[in-house]
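Chemist: Have a peek at input_37.tsv (TSV, C-alpha atoms).
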chain	number	residue	atom	x	y	z
S	1440	MET	CA	-97.37	-34.25	-18.71
S	1441	SER	CA	-97.01	-30.64	-17.55
S	1442	PHE	CA	-99.72	-28.06	-18.07
S	1443	LYS	CA	-98.32	-25.16	-20.08
S	1444	LEU	CA	-99.89	-21.99	-18.70
S	1445	GLY	CA	-99.33	-18.71	-20.49
S	1446	LEU	CA	-99.39	-15.65	-18.21
S	1447	ILE	CA	-99.67	-11.95	-19.08
S	1448	VAL	CA	-100.15	-9.28	-16.42
S	1449	ASN	CA	-100.99	-5.72	-17.38
S	1450	PRO	CA	-99.21	-3.94	-14.50
S	1451	VAL	CA	-101.11	-0.67	-14.94
S	1452	ALA	CA	-104.59	-2.19	-15.22
S	1453	GLY	CA	-107.09	-0.64	-12.82
S	1454	LEU	CA	-104.83	2.23	-11.78
S	1455	GLY	CA	-107.44	4.84	-12.63
S	1456	GLY	CA	-110.23	3.33	-10.56
S	1457	SER	CA	-109.37	4.46	-7.04
S	1458	VAL	CA	-108.54	8.02	-8.21
S	1459	ALA	CA	-111.78	8.42	-10.22
S	1460	LEU	CA	-110.15	8.38	-13.69
S	1461	LYS	CA	-112.49	5.55	-14.78
S	1462	GLY	CA	-109.80	3.67	-16.65
S	1463	SER	CA	-106.08	3.49	-17.28
S	1464	ASP	CA	-105.93	3.26	-21.06
S	1465	GLY	CA	-103.00	5.24	-22.39
S	1466	ALA	CA	-99.59	5.98	-20.85
S	1467	ASP	CA	-100.58	9.52	-19.85
S	1468	THR	CA	-103.59	8.31	-17.87
S	1469	ALA	CA	-101.54	5.66	-16.07
S	1470	GLN	CA	-98.89	8.20	-15.13
S	1471	LYS	CA	-101.56	10.64	-13.94
S	1472	ALA	CA	-103.11	7.91	-11.78
S	1473	LEU	CA	-99.73	7.14	-10.22
S	1474	SER	CA	-99.12	10.83	-9.54
S	1475	LEU	CA	-102.49	10.98	-7.74
S	1476	GLY	CA	-101.44	8.18	-5.44
S	1477	ALA	CA	-102.92	5.12	-7.17
S	1478	GLU	CA	-101.26	1.83	-6.32
S	1479	PRO	CA	-100.79	-1.00	-8.86
S	1480	LYS	CA	-102.94	-3.98	-7.88
S	1481	SER	CA	-103.01	-6.26	-10.91
S	1482	ASN	CA	-100.15	-8.44	-9.65
S	1483	ASN	CA	-101.87	-8.85	-6.31
S	1484	ARG	CA	-105.02	-10.00	-8.10
S	1485	THR	CA	-102.96	-12.35	-10.27
S	1486	LYS	CA	-101.44	-13.78	-7.11
S	1487	LEU	CA	-104.92	-14.63	-5.78
S	1488	ALA	CA	-105.56	-16.65	-8.95
S	1489	LEU	CA	-102.20	-18.42	-9.00
S	1490	GLU	CA	-102.39	-19.36	-5.31
S	1491	GLN	CA	-105.25	-21.69	-6.18
S	1492	LEU	CA	-102.76	-23.63	-8.32
S	1493	LEU	CA	-100.00	-24.09	-5.72
S	1494	PRO	CA	-101.06	-27.69	-4.87
S	1495	PHE	CA	-100.43	-28.56	-8.53
S	1496	LYS	CA	-97.20	-26.54	-8.89
S	1497	ASN	CA	-95.04	-29.50	-9.83
S	1498	GLY	CA	-97.23	-30.20	-12.86
S	1499	ILE	CA	-97.32	-26.64	-14.21
S	1500	GLN	CA	-94.93	-24.67	-16.38
S	1501	ILE	CA	-95.64	-20.96	-16.64
S	1502	TYR	CA	-94.60	-19.15	-19.81
S	1503	THR	CA	-94.67	-15.43	-19.25
S	1504	VAL	CA	-93.26	-11.92	-19.73
S	1505	SER	CA	-90.39	-10.23	-17.92
S	1506	GLY	CA	-90.72	-8.33	-14.66
S	1507	GLU	CA	-94.10	-7.02	-13.58
S	1508	MET	CA	-95.85	-8.55	-16.59
S	1509	GLY	CA	-95.74	-12.01	-15.01
S	1510	GLU	CA	-92.18	-13.12	-14.26
S	1511	ARG	CA	-91.97	-11.61	-10.78
S	1512	ILE	CA	-95.20	-13.01	-9.38
S	1513	SER	CA	-94.63	-16.44	-10.95
S	1514	ASN	CA	-91.14	-16.70	-9.45
S	1515	GLU	CA	-92.35	-15.35	-6.11
S	1516	LEU	CA	-94.81	-18.24	-5.85
S	1517	GLY	CA	-92.18	-20.79	-6.87
S	1518	PHE	CA	-93.55	-21.89	-10.24
S	1519	ASP	CA	-91.37	-23.31	-13.01
S	1520	THR	CA	-91.12	-20.03	-14.93
S	1521	HIS	CA	-90.04	-19.42	-18.53
S	1522	VAL	CA	-89.72	-15.85	-19.86
S	1523	VAL	CA	-90.63	-15.72	-23.55
S	1524	PHE	CA	-90.53	-11.94	-24.04
S	1525	THR	CA	-88.80	-8.98	-22.41
S	1526	ALA	CA	-91.15	-6.02	-22.12
S	1527	SER	CA	-90.23	-2.34	-22.22
S	1528	GLU	CA	-89.71	-0.53	-18.92
S	1529	ASN	CA	-92.97	1.41	-19.27
S	1530	THR	CA	-95.23	-1.31	-20.61
S	1531	THR	CA	-97.56	-0.63	-23.52
S	1532	ALA	CA	-100.38	-2.30	-25.41
S	1533	GLN	CA	-97.80	-3.44	-27.95
S	1534	ASP	CA	-95.96	-5.36	-25.22
S	1535	THR	CA	-99.20	-7.24	-24.46
S	1536	GLU	CA	-99.77	-8.07	-28.13
S	1537	ILE	CA	-96.21	-9.29	-28.69
S	1538	ALA	CA	-96.38	-11.36	-25.51
S	1539	ALA	CA	-99.60	-13.01	-26.66
S	1540	GLN	CA	-98.00	-13.91	-29.99
S	1541	LYS	CA	-94.97	-15.42	-28.21
S	1542	LEU	CA	-97.23	-17.53	-26.00
S	1543	ILE	CA	-99.11	-18.84	-29.02
S	1544	GLU	CA	-95.80	-19.83	-30.60
S	1545	GLN	CA	-94.96	-21.76	-27.41
S	1546	GLY	CA	-98.19	-23.76	-27.77
S	1547	VAL	CA	-99.49	-22.99	-24.30
S	1548	ASP	CA	-102.61	-24.80	-23.14
S	1549	LEU	CA	-104.26	-21.61	-21.86
S	1550	ILE	CA	-103.42	-17.91	-21.72
S	1551	LEU	CA	-104.27	-16.45	-18.32
S	1552	PHE	CA	-104.15	-12.66	-18.37
S	1553	ALA	CA	-104.84	-9.94	-15.83
S	1554	GLY	CA	-106.30	-6.62	-16.89
S	1555	GLY	CA	-109.47	-4.94	-18.07
S	1556	ASP	CA	-111.36	-4.62	-21.34
S	1557	GLY	CA	-108.46	-2.78	-22.99
S	1558	THR	CA	-106.13	-5.69	-22.21
S	1559	ALA	CA	-108.69	-8.16	-23.58
S	1560	ARG	CA	-108.89	-6.13	-26.80
S	1561	ASN	CA	-105.11	-6.19	-27.20
S	1562	ILE	CA	-104.96	-9.95	-26.72
S	1563	CYS	CA	-107.94	-10.55	-29.01
S	1564	THR	CA	-106.20	-8.81	-31.94
S	1565	VAL	CA	-103.50	-11.49	-31.78
S	1566	VAL	CA	-105.11	-14.60	-30.32
S	1567	ASP	CA	-108.53	-14.80	-31.99
S	1568	ASP	CA	-109.24	-18.57	-31.84
S	1569	LYS	CA	-105.59	-19.72	-31.77
S	1570	ALA	CA	-105.64	-20.51	-28.03
S	1571	PRO	CA	-108.15	-20.51	-25.17
S	1572	VAL	CA	-107.89	-17.59	-22.78
S	1573	LEU	CA	-109.20	-16.56	-19.37
S	1574	GLY	CA	-109.07	-13.13	-17.78
S	1575	VAL	CA	-108.29	-12.26	-14.19
S	1576	PRO	CA	-110.38	-9.12	-13.47
S	1577	ALA	CA	-107.99	-6.30	-12.61
S	1578	GLY	CA	-109.21	-3.32	-14.65
S	1579	CYS	CA	-111.76	-0.54	-14.15
S	1580	LYS	CA	-113.83	-1.54	-17.19
S	1581	ILE	CA	-114.79	-5.21	-17.39
S	1582	HIS	CA	-117.70	-5.73	-19.74
S	1583	SER	CA	-116.16	-8.60	-21.71
S	1584	GLY	CA	-117.29	-12.18	-21.25
S	1585	VAL	CA	-113.71	-13.51	-21.22
S	1586	TYR	CA	-113.19	-12.75	-17.52
S	1587	ALA	CA	-113.71	-14.88	-14.46
S	1588	ILE	CA	-115.97	-13.21	-11.90
S	1589	THR	CA	-113.12	-12.93	-9.35
S	1590	PRO	CA	-109.36	-13.66	-9.32
S	1591	LYS	CA	-109.85	-16.77	-7.19
S	1592	ALA	CA	-112.54	-17.98	-9.56
S	1593	ALA	CA	-110.03	-17.72	-12.42
S	1594	GLY	CA	-107.68	-19.95	-10.48
S	1595	ARG	CA	-110.46	-22.46	-9.87
S	1596	VAL	CA	-111.18	-22.74	-13.59
S	1597	VAL	CA	-107.50	-23.37	-14.37
S	1598	GLU	CA	-107.45	-25.96	-11.57
S	1599	MET	CA	-110.35	-27.78	-13.22
S	1600	LEU	CA	-108.44	-27.91	-16.49
S	1601	ILE	CA	-105.28	-29.19	-14.81
S	1602	LYS	CA	-107.26	-31.92	-13.03
S	1603	GLY	CA	-108.71	-33.03	-16.35
S	1604	GLU	CA	-112.29	-32.15	-15.53
S	1605	LEU	CA	-114.65	-31.63	-18.44
S	1606	VAL	CA	-114.86	-27.90	-19.08
S	1607	THR	CA	-116.63	-26.64	-22.19
S	1608	LEU	CA	-114.86	-24.13	-24.43
S	1609	SER	CA	-117.20	-21.41	-25.65
S	1610	GLU	CA	-116.90	-18.23	-27.68
S	1611	ALA	CA	-117.13	-15.11	-25.52
S	1612	ASP	CA	-117.44	-11.51	-26.64
S	1613	VAL	CA	-114.66	-9.00	-26.17
S	1614	MET	CA	-116.27	-5.65	-25.38
S	1615	ASP	CA	-114.83	-2.23	-24.66
S	1616	ILE	CA	-116.12	1.30	-24.31
S	1617	ASP	CA	-115.01	4.72	-25.47
S	1618	GLU	CA	-113.01	5.76	-22.40
S	1619	VAL	CA	-113.13	9.47	-23.23
S	1620	ALA	CA	-116.93	9.34	-23.45
S	1621	PHE	CA	-116.95	7.15	-20.32
S	1622	ARG	CA	-115.22	9.90	-18.32
S	1623	GLU	CA	-117.92	12.30	-19.50
S	1624	GLY	CA	-120.69	9.99	-18.26
S	1625	THR	CA	-121.63	8.21	-21.51
S	1626	VAL	CA	-121.32	4.48	-22.14
S	1627	LYS	CA	-120.58	3.64	-25.76
S	1628	ALA	CA	-119.87	-0.07	-25.82
S	1629	LYS	CA	-118.59	-1.86	-28.89
S	1630	ARG	CA	-117.88	-5.49	-29.68
S	1631	TYR	CA	-114.32	-6.06	-30.87
S	1632	GLY	CA	-114.35	-9.79	-31.45
S	1633	GLU	CA	-114.53	-13.02	-29.54
S	1634	MET	CA	-112.17	-15.51	-27.97
S	1635	GLN	CA	-112.48	-19.04	-26.68
S	1636	VAL	CA	-112.87	-19.35	-22.90
S	1637	PRO	CA	-113.44	-22.29	-20.56
S	1638	SER	CA	-117.10	-21.52	-19.86
S	1639	GLU	CA	-117.63	-22.83	-16.34
S	1640	VAL	CA	-120.79	-20.87	-15.53
S	1641	ARG	CA	-120.12	-20.65	-11.79
S	1642	TYR	CA	-116.87	-18.83	-12.34
S	1643	VAL	CA	-116.99	-16.96	-15.66
S	1644	GLN	CA	-119.04	-13.79	-15.89
S	1645	SER	CA	-121.86	-12.96	-18.27
S	1646	VAL	CA	-121.53	-9.91	-20.47
S	1647	LYS	CA	-123.14	-6.88	-18.86
S	1648	ASN	CA	-126.71	-6.08	-19.87
S	1649	GLY	CA	-126.67	-2.89	-21.94
S	1650	GLY	CA	-128.93	0.14	-21.86
S	1651	LYS	CA	-130.75	2.13	-19.17
S	1652	GLU	CA	-133.57	0.78	-17.06
S	1653	SER	CA	-136.82	1.11	-19.00
S	1654	ASP	CA	-139.26	0.80	-16.11
S	1655	GLU	CA	-139.25	4.43	-14.98
S	1656	LEU	CA	-142.13	3.96	-12.53
S	1657	VAL	CA	-140.24	1.31	-10.58
S	1658	LEU	CA	-137.13	3.49	-10.47
S	1659	ALA	CA	-139.21	6.42	-9.24
S	1660	ASP	CA	-140.66	4.25	-6.46
S	1661	ILE	CA	-137.20	3.08	-5.41
S	1662	ALA	CA	-135.90	6.66	-5.44
S	1663	ALA	CA	-138.83	7.98	-3.40
S	1664	PHE	CA	-138.38	5.32	-0.73
S	1665	VAL	CA	-134.61	5.78	-0.40
S	1666	ILE	CA	-135.10	9.55	-0.01
S	1667	SER	CA	-137.86	9.08	2.57
S	1668	GLU	CA	-135.44	7.00	4.67
S	1669	MET	CA	-132.56	9.49	4.56
S	1670	ASP	CA	-131.48	10.98	7.90
S	1671	GLU	CA	-130.45	14.62	8.18
S	1672	ASP	CA	-127.25	14.00	10.12
S	1673	VAL	CA	-125.95	11.21	7.86
S	1674	ARG	CA	-123.73	11.53	4.81
S	1675	TYR	CA	-124.72	9.35	1.86
S	1676	ILE	CA	-122.23	8.03	-0.65
S	1677	MET	CA	-124.08	7.61	-3.94
S	1678	GLY	CA	-122.58	4.89	-6.11
S	1679	SER	CA	-122.56	4.59	-9.87
S	1680	GLY	CA	-125.30	3.24	-12.13
S	1681	SER	CA	-128.70	4.18	-13.47
S	1682	THR	CA	-130.69	3.01	-10.43
S	1683	VAL	CA	-128.73	5.26	-8.08
S	1684	GLU	CA	-128.95	7.99	-10.72
S	1685	ALA	CA	-132.75	7.86	-10.34
S	1686	VAL	CA	-132.39	8.77	-6.67
S	1687	MET	CA	-130.16	11.74	-7.51
S	1688	GLU	CA	-132.61	12.89	-10.18
S	1689	GLU	CA	-135.49	12.72	-7.68
S	1690	LEU	CA	-133.42	14.91	-5.36
S	1691	GLY	CA	-132.75	17.36	-8.20
S	1692	LEU	CA	-128.98	16.94	-7.85
S	1693	ASP	CA	-126.31	16.61	-10.51
S	1694	ASN	CA	-125.16	13.02	-10.73
S	1695	THR	CA	-121.98	11.32	-11.85
S	1696	LEU	CA	-123.46	8.29	-13.60
S	1697	LEU	CA	-120.17	6.43	-13.74
S	1698	GLY	CA	-118.61	7.86	-10.59
S	1699	VAL	CA	-119.27	8.30	-6.88
S	1700	ASP	CA	-120.86	11.38	-5.26
S	1701	LEU	CA	-121.46	12.45	-1.67
S	1702	ILE	CA	-124.60	14.15	-0.30
S	1703	GLN	CA	-126.05	15.25	3.04
S	1704	ASP	CA	-129.38	16.90	3.86
S	1705	HIS	CA	-130.32	16.57	0.17
S	1706	GLU	CA	-127.35	18.72	-0.83
S	1707	LEU	CA	-124.29	17.80	-2.88
S	1708	LEU	CA	-121.01	17.77	-0.92
S	1709	GLY	CA	-118.76	16.36	-3.64
S	1710	GLN	CA	-118.86	14.86	-7.12
S	1711	ASP	CA	-116.86	12.13	-8.85
S	1712	LEU	CA	-114.78	11.60	-5.73
S	1713	THR	CA	-111.62	9.54	-5.40
S	1714	ALA	CA	-111.02	6.84	-2.77
S	1715	ALA	CA	-108.86	9.25	-0.75
S	1716	GLN	CA	-111.45	12.04	-0.92
S	1717	LEU	CA	-114.22	9.72	0.24
S	1718	LEU	CA	-112.18	8.63	3.24
S	1719	GLU	CA	-111.43	12.24	4.14
S	1720	LEU	CA	-114.99	13.50	3.71
S	1721	THR	CA	-116.54	10.70	5.77
S	1722	GLU	CA	-114.02	10.57	8.60
S	1723	ASP	CA	-115.80	10.76	11.97
S	1724	GLN	CA	-119.11	11.25	10.11
S	1725	PRO	CA	-122.13	8.92	10.20
S	1726	THR	CA	-122.19	7.55	6.65
S	1727	LYS	CA	-124.32	5.24	4.56
S	1728	LEU	CA	-123.68	3.88	1.07
S	1729	VAL	CA	-126.27	3.58	-1.71
S	1730	ILE	CA	-125.25	1.18	-4.48
S	1731	THR	CA	-126.73	-1.00	-7.18
S	1732	LEU	CA	-125.50	-4.02	-9.08
S	1733	ILE	CA	-124.09	-4.40	-12.55
S	1734	GLY	CA	-126.80	-5.95	-14.69
S	1735	GLY	CA	-126.01	-9.44	-15.97
S	1736	GLN	CA	-122.97	-9.81	-13.70
S	1737	GLY	CA	-124.31	-9.06	-10.23
S	1738	HIS	CA	-121.24	-7.27	-8.89
S	1739	ILE	CA	-121.94	-4.73	-6.16
S	1740	PHE	CA	-118.24	-4.08	-5.48
S	1741	GLY	CA	-115.21	-4.38	-7.73
S	1742	ARG	CA	-116.65	-3.27	-11.08
S	1743	GLY	CA	-116.53	0.42	-11.93
S	1744	ASN	CA	-116.57	1.56	-8.29
S	1745	GLN	CA	-113.01	1.00	-7.08
S	1746	GLN	CA	-113.31	4.38	-5.33
S	1747	LEU	CA	-115.16	2.39	-2.66
S	1748	SER	CA	-112.04	1.09	-0.95
S	1749	PRO	CA	-112.02	-1.80	1.53
S	1750	GLU	CA	-111.15	0.69	4.29
S	1751	LEU	CA	-114.18	2.80	3.44
S	1752	ILE	CA	-116.56	-0.17	3.20
S	1753	ARG	CA	-115.39	-1.48	6.57
S	1754	ARG	CA	-115.83	1.95	8.12
S	1755	ILE	CA	-119.40	2.17	6.81
S	1756	GLY	CA	-120.36	-1.38	7.81
S	1757	LYS	CA	-122.59	-3.87	6.05
S	1758	GLU	CA	-125.60	-2.67	8.03
S	1759	ASN	CA	-125.26	0.79	6.45
S	1760	ILE	CA	-125.07	-0.39	2.84
S	1761	VAL	CA	-128.30	0.27	0.94
S	1762	VAL	CA	-128.57	-1.89	-2.19
S	1763	VAL	CA	-131.16	-0.77	-4.76
S	1764	ALA	CA	-132.32	-2.71	-7.82
S	1765	THR	CA	-135.44	-3.56	-9.77
S	1766	LYS	CA	-136.75	-7.09	-9.45
S	1767	ARG	CA	-136.26	-7.50	-13.17
S	1768	LYS	CA	-132.54	-6.81	-12.72
S	1769	LEU	CA	-132.32	-9.38	-9.93
S	1770	GLN	CA	-134.30	-11.97	-11.91
S	1771	ALA	CA	-131.83	-11.59	-14.79
S	1772	LEU	CA	-129.17	-13.12	-12.52
S	1773	ASN	CA	-131.08	-16.45	-12.63
S	1774	GLY	CA	-130.38	-17.14	-8.98
S	1775	ARG	CA	-126.68	-16.26	-9.05
S	1776	PRO	CA	-125.56	-14.33	-5.96
S	1777	LEU	CA	-124.53	-10.71	-5.86
S	1778	ILE	CA	-120.75	-10.54	-5.99
S	1779	ALA	CA	-118.44	-8.67	-3.62
S	1780	ASP	CA	-114.97	-8.46	-5.17
S	1781	THR	CA	-113.38	-5.69	-3.11
S	1782	GLY	CA	-109.81	-6.95	-3.44
S	1783	ASP	CA	-109.82	-7.82	0.28
S	1784	GLN	CA	-110.63	-11.48	0.83
S	1785	ALA	CA	-111.51	-11.07	4.50
S	1786	LEU	CA	-113.90	-8.23	3.69
S	1787	ASP	CA	-115.53	-10.27	0.92
S	1788	ASP	CA	-116.13	-12.98	3.52
S	1789	GLU	CA	-117.67	-10.44	5.89
S	1790	LEU	CA	-120.02	-9.16	3.19
S	1791	SER	CA	-121.21	-12.65	2.26
S	1792	GLY	CA	-124.66	-13.79	3.33
S	1793	TYR	CA	-128.04	-12.24	2.69
S	1794	ILE	CA	-128.66	-8.54	2.25
S	1795	LYS	CA	-131.86	-6.53	1.94
S	1796	VAL	CA	-132.37	-5.03	-1.52
S	1797	VAL	CA	-134.75	-2.11	-2.04
S	1798	THR	CA	-136.92	-3.02	-5.04
S	1799	GLY	CA	-139.73	-0.44	-4.72
S	1800	TYR	CA	-141.45	1.85	-2.24
S	1801	ASN	CA	-141.28	0.01	1.09
S	1802	ASP	CA	-140.69	-3.12	-0.98
S	1803	HIS	CA	-137.65	-5.29	-0.31
S	1804	VAL	CA	-136.27	-8.72	-1.10
S	1805	MET	CA	-133.53	-10.66	0.65
S	1806	TYR	CA	-130.79	-11.66	-1.76
S	1807	ALA	CA	-127.57	-13.62	-1.34
S	1808	VAL	CA	-124.17	-11.96	-1.53
S	1809	GLY	CA	-121.23	-14.24	-2.23
S	1810	HIS	CA	-117.90	-14.55	-3.96
S	1811	GLN	CA	-116.94	-17.55	-6.04
S	1812	ASP	CA	-113.89	-19.40	-4.78
What's the structure tokens form of this structure?
Modeler:
Amino acid sequence: MSFKLGLIVNPVAGLGGSVALKGSDGADTAQKALSLGAEPKSNNRTKLALEQLLPFKNGIQIYTVSGEMGERISNELGFDTHVVFTASENTTAQDTEIAAQKLIEQGVDLILFAGGDGTARNICTVVDDKAPVLGVPAGCKIHSGVYAITPKAAGRVVEMLIKGELVTLSEADVMDIDEVAFREGTVKAKRYGEMQVPSEVRYVQSVKNGGKESDELVLADIAAFVISEMDEDVRYIMGSGSTVEAVMEELGLDNTLLGVDLIQDHELLGQDLTAAQLLELTEDQPTKLVITLIGGQGHIFGRGNQQLSPELIRRIGKENIVVVATKRKLQALNGRPLIADTGDQALDDELSGYIKVVTGYNDHVMYAVGHQD
């Protein structure tokens, strides 16, 4: 018996990340991202998931959408492909919703979709509990619990289902934020529903912990130590998140909470920078990177900081990456590793291992960095 896999790819998902638009919701934003030089990556991330299924190709039928919404990548990998809906040339949320309905009508065993929280919302309005789903993370905003932690992890979960392994179906929240407020530095998250997902805990992410850090004294200690270690002739890329924000506040500098800034000698060189700007401003310059993790998920790369391109991270080097976090934030991971999901498999391998995390003033812990395969 063949496994009937539904496939929907949002071809514009994640476009806004590398050019600092913090999302790609809306046709205008997607077009602006393309005009700024953003490159579509959702099909490449879908490919990483589907490649895990190639050994089982003869037992899989993929039901999908025309062109870049699934047909092309499915055919490219040689799967038995059935197009159930022809999308418009410039794809919209409505195309995603219609495609989801068509897949339900086909009785697929699982809907695999690539996108971000906006894509999950679109699918949730149609699917509800009518079919199990699993997301391939490809967007800028991924707070929903319906996504695998990496594209390859999504493929592993589908592999488990195909092999008949016991995988529990659980209800997972679909979350999204106000993207306009997000671009202004405010997170306003809202729950839009829930869908059934194969809840293999190694591979499916937890919903992000909400709210700002409450332990201000610990954040102040972390900030003071990071500043004391800063060298005058080094440029520092300051990542997103409240822990890094504490460092910027201690320096008395304006901070882009949900973006990436650049400083040197305690002065601001650039705010809310794009991937291209970061490469230009750090070329032939000694550079270090200060980042934190997403609470509840553990991602240090690949969630909300796509401006940090693989080229940039390689240039900086693992030894020049400063990870900051409170011990409480690390303990909330329950032993799960920090996740590097840069979109470059070789780089993710290079980043794996143990890394020093600043957890207070001259206080560090060693913590594992990995990526689920």
Chemist: Could you check how far CA of Leu1769 (chain S) sits from CA of Leu1728 (chain S), in Å to one decimal?
Modeler: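 Those two atoms sit 19.3 Å apart.
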Chemist: Give me the residues near region 1595-1611 of chain S as a list in words, where near means some atom within 8 Å (using only C-alpha atoms) and where sequence neighbours in that chain fewer than 4 positions away do not count.
Modeler: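 Result of the neighbour search: Phe1442, Ala1488, Gln1491, Leu1492, Phe1495, Pro1571, Ser1583, Gly1584, Val1585, Lys1591, Glu1633, Met1634, Gln1635, Val1636, Pro1637, Ser1638, Glu1639, Tyr1642 and Asp1812 of chain S.
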Chemist: Which value, in Å to one decimal, gives the distance between CA of Ser1481 (chain S) and CA of Pro1450 (chain S)?
Modeler: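 That distance, rounded to one decimal, is 5.7 Å.
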Chemist: Would you compute the distance between CA of Glu1536 (chain S) and CA of Glu1510 (chain S)? Give it in Å to one decimal.
Modeler: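 We find that CA of Glu1536 (chain S) and CA of Glu1510 (chain S) lie 16.6 Å from each other.
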Chemist: Skipping near chain neighbours, those fewer than 3 positions away, what residues fall within 9 Å of region 1771-1779 of chain S using only C-alpha atoms, listed as a list in words?
Modeler: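 Near neighbours after the sequence-gap exclusion: Ile1588, Thr1589, Arg1641, Leu1732, Gly1734, Gly1735, Gln1736, Gly1737, His1738, Ile1739, Phe1740, Gly1741, Lys1766, Arg1767, Lys1768, Gly1782, Leu1786, Asp1787, Asp1788, Leu1790, Ser1791, Tyr1806, Ala1807, Val1808, Gly1809, His1810 and Gln1811 of chain S.
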Chemist: Find the residue from S:Val1565, S:Ile1501, S:Leu1542, S:Val1699 that sits nearest to Gly1678 (chain S); use only C-alpha atoms when measuring.
Modeler: S:Val1699
Chemist: Counting all atoms listed in the file, find residues at most 12 Å from (-131.6, -8.0, 4.7) (file frame) and give them as a PyMOL selection string.
Modeler: chain S and resi 1757-1763+1790-1797+1802-1808
Chemist: My list of candidates is S:Val1673, S:Ala1532, S:Val1448, S:Ala1577. Which is closest to Gln1745 (chain S) when distances are computed with all atoms listed in the file?
Modeler: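 Going through S:Val1673, S:Ala1532, S:Val1448, S:Ala1577 one by one, the smallest distance to Gln1745 (chain S) is for S:Ala1577.
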Chemist: With distances taken over all atoms listed in the file, which residue among S:Ala1764, S:Glu1668, S:Ala1587, S:Glu1684 lies nearest Val1572 (chain S)?
Modeler: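 Nearest candidate to Val1572 (chain S) out of S:Ala1764, S:Glu1668, S:Ala1587, S:Glu1684: S:Ala1587.
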Chemist: Show me, as a PDB file with C-alpha atoms, in the frame of the given file, the residues that have an atom within 8 Å of Cys1563 (chain S) when counting all atoms listed in the file, minus same-chain residues fewer than 2 positions from it.
Modeler:
ATOM      1  CA  ALA S1559    -108.690  -8.160 -23.580  1.00  0.00           C
ATOM      2  CA  ARG S1560    -108.890  -6.130 -26.800  1.00  0.00           C
ATOM      3  CA  ASN S1561    -105.110  -6.190 -27.200  1.00  0.00           C
ATOM      4  CA  VAL S1565    -103.500 -11.490 -31.780  1.00  0.00           C
ATOM      5  CA  VAL S1566    -105.110 -14.600 -30.320  1.00  0.00           C
ATOM      6  CA  ASP S1567    -108.530 -14.800 -31.990  1.00  0.00           C
ATOM      7  CA  VAL S1613    -114.660  -9.000 -26.170  1.00  0.00           C
ATOM      8  CA  GLY S1632    -114.350  -9.790 -31.450  1.00  0.00           C
ATOM      9  CA  GLU S1633    -114.530 -13.020 -29.540  1.00  0.00           C
ATOM     10  CA  MET S1634    -112.170 -15.510 -27.970  1.00  0.00           C
TER      11      MET S1634
END
Chemist: Just checking: using all atoms listed in the file, which residue out of S:Ile1752, S:Val1683, S:Thr1535, S:Met1677 ends up closest to Gln1710 (chain S)?
Modeler: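 When distances to Gln1710 (chain S) are compared using all atoms listed in the file, the smallest one comes from S:Met1677.
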Chemist: Using only C-alpha atoms, what residues lie at most 10 Å away from (-92.4, -15.2, -28.3) (file coordinates), given as a list in words?
Modeler: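 Residues lying no farther than 10 Å from the given point: Tyr1502, Thr1503, Val1504, Val1522, Val1523, Phe1524, Thr1525, Ile1537, Ala1538, Ala1539, Gln1540, Lys1541, Leu1542, Ile1543, Glu1544 and Gln1545 of chain S.
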